[in-house]
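Encoded as structure tokens, the structure appears first; notes follow it.
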Amino acid sequence: MTISASFKKRLKYFDLDISFSCSMKNMMVMIGPSGGGKTTIIRMLAGLQRPDEGQVIFGDEVWFDSLRRINIAPQKRRLGYVFQDYTLFPHLNLYDNAAFAAVDKKEVDELFELFKINHLRKRKPHMVSGGERQRCAICQALARHPRLLLLDEPFSALDAITRRGLREELKNLKGGMSFPIIYVTHDITEALYLSDEILSVVEGKSDDQWMQRMISREPSAEVSARAAREPRLSLVY
Amino acid sequence: MDYLALYVTLKLAFVTTVFLIVLAAPIAYALAYFRFPGKSLLEAFIYLPMALPPTAIGFYLLMVMGPKGFAGKAWGFLTGDSLLFTFIGITIASIIYSIPFAVQPMKAAFAKIDRRLLDAAYVLGLSKRAAFLRVIIPNSLGGIAASAILVFLHSIGAFGVLLMVGGSIPGETKVASIAIYEAVETMNYRAAGMIALSFIPISYAFLLLINKLNEDYRI
């Protein structure tokens, strides 16, 4: 299955205009400065926001087509979406969270073993650490048997050590997954470590040179001014 | 001591609370989540009973529910009975009188829920209805409980509205607040004092409960 999308949307500070595709078993990392439209792209893929025009096609299914007035609801797209934070339902314990939309509840136990959070299954989300919460959020997404996995800066709220650990776990896990994964980050190291393909998004448009410029630190135009807010320290990890 | 009036009061408050919670939930949901033309006008209208003198509300209800009012006519057509001076009549009056107290805390609780939780629920395949039942309701229990308690207490205290619509028929529409008034009118201060006193522990206990709920659900 391949997901391919091309869409346009007017945003407050710039116009988003981008097209890309990501095929089965591949991890596409979407990278770029904060506020560049990455989350909006992910939300449009999930069906939570509507592009002004364009298409989203998954395999032979049309998820969105502005000309044909097709817009499949997020409920029917059957994808996994891990948000930056706040993904878990606060009133449910970790197990019930992961089993919330599970196809087969037995798999939740296996996933919890795999992600090493089985001992926390009865805890509520606020009683575990951020890393454990995100592990559970990934379990929740995987238990639904997603056809596409969207990870929107899933580890960026975590400390560097936890982040590195989870990054490695995710990379190991990737081999066993048969669906495309789109991973959003603003961390270049993370992108290089995880990606099969990289899509740089700057102000709503794809910009192949962005990473080059960031790594070589060539001062160029307004982009570096934006990127200055990004901690260069992240390159260390 | 007029136990019958006290019983009618508690029965009325209980029935009102149960009906209003069910009725107010979709209203609060619409006010918290949808934008539509005339929303602020509608919202102010829903809160109007809070700002009107109870006897004014009672007067309008008397007109509407009376034999010449549309509600009274419809009820008469369906059942052959009058709506005025009946328990059902005062229940309707009590529901309208307490609507603001049901809607407001519930709306606040619904609005406080992180939208990303709902997005997550939709992506996980939940319809809007299922998300309301499985995500919004369980995460608004504090607000819903606050609504229920406020409505219950407010219904216990109703006087003017009920007197206008229900009069004072023992066992049917004579509630404790009306019994107190009548006892005083007949100079029976002892009876009035007994009923008045019986309110204090009930109301006080519920207010303590509300405080407790507010503490538990404060984040």
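Residues are referred to by chain and number: the chain letter is A, B, ... according to the order shown in the structure tokens, the number counts from 1 in that chain, and ligands are numbered separately from 1 in the order shown.
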Original post:
Near segment 47-51 of chain A, within 6 Å and counting only C-alpha atoms, which residues show up once chain neighbours fewer than 6 positions away are dropped, as number ranges by chain?
Top reply: A: 8-9, 73-74
Report as a ChimeraX atom specification all protein, DNA and RNA residues lying within 10 Å of Leu170 of chain A, evaluated on only C-alpha atoms, omitting residues in the same chain fewer than 4 positions from it. /A:115,135,138,164-166,174-175,194
Hey, list the chain B side of the contact with chain A: 7 Å cut-off, only C-alpha atoms, answer as a ChimeraX atom specification. /B:117,119-120,122-127,138-139
If you count only C-alpha atoms, the residue of B:Val103, B:Ala56, B:Ser168, B:Met65 closest to Val22 of chain B turns out to be B:Val103
Using only C-alpha atoms, the shortest atom-to-atom distance to Lys112 of chain B among B:Thr91, B:Ser147, B:Thr86, B:Ser140 belongs to B:Ser140
Exercise. Any idea what's packed within 9 Å of segment 97-99 of chain B, counting only C-alpha atoms, ignoring anything in its chain fewer than 5 positions away? Could you give it as a VMD selection string?
Worked result: chain B and resid 16 to 17 20 23 to 24 46 to 47 49 to 50 54 57 to 58 92 104 150 to 152 154 to 155 158 161
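Atom CA of Leu111 of chain A sits 12.5 Å away from atom CA of Glu169 of chain A.
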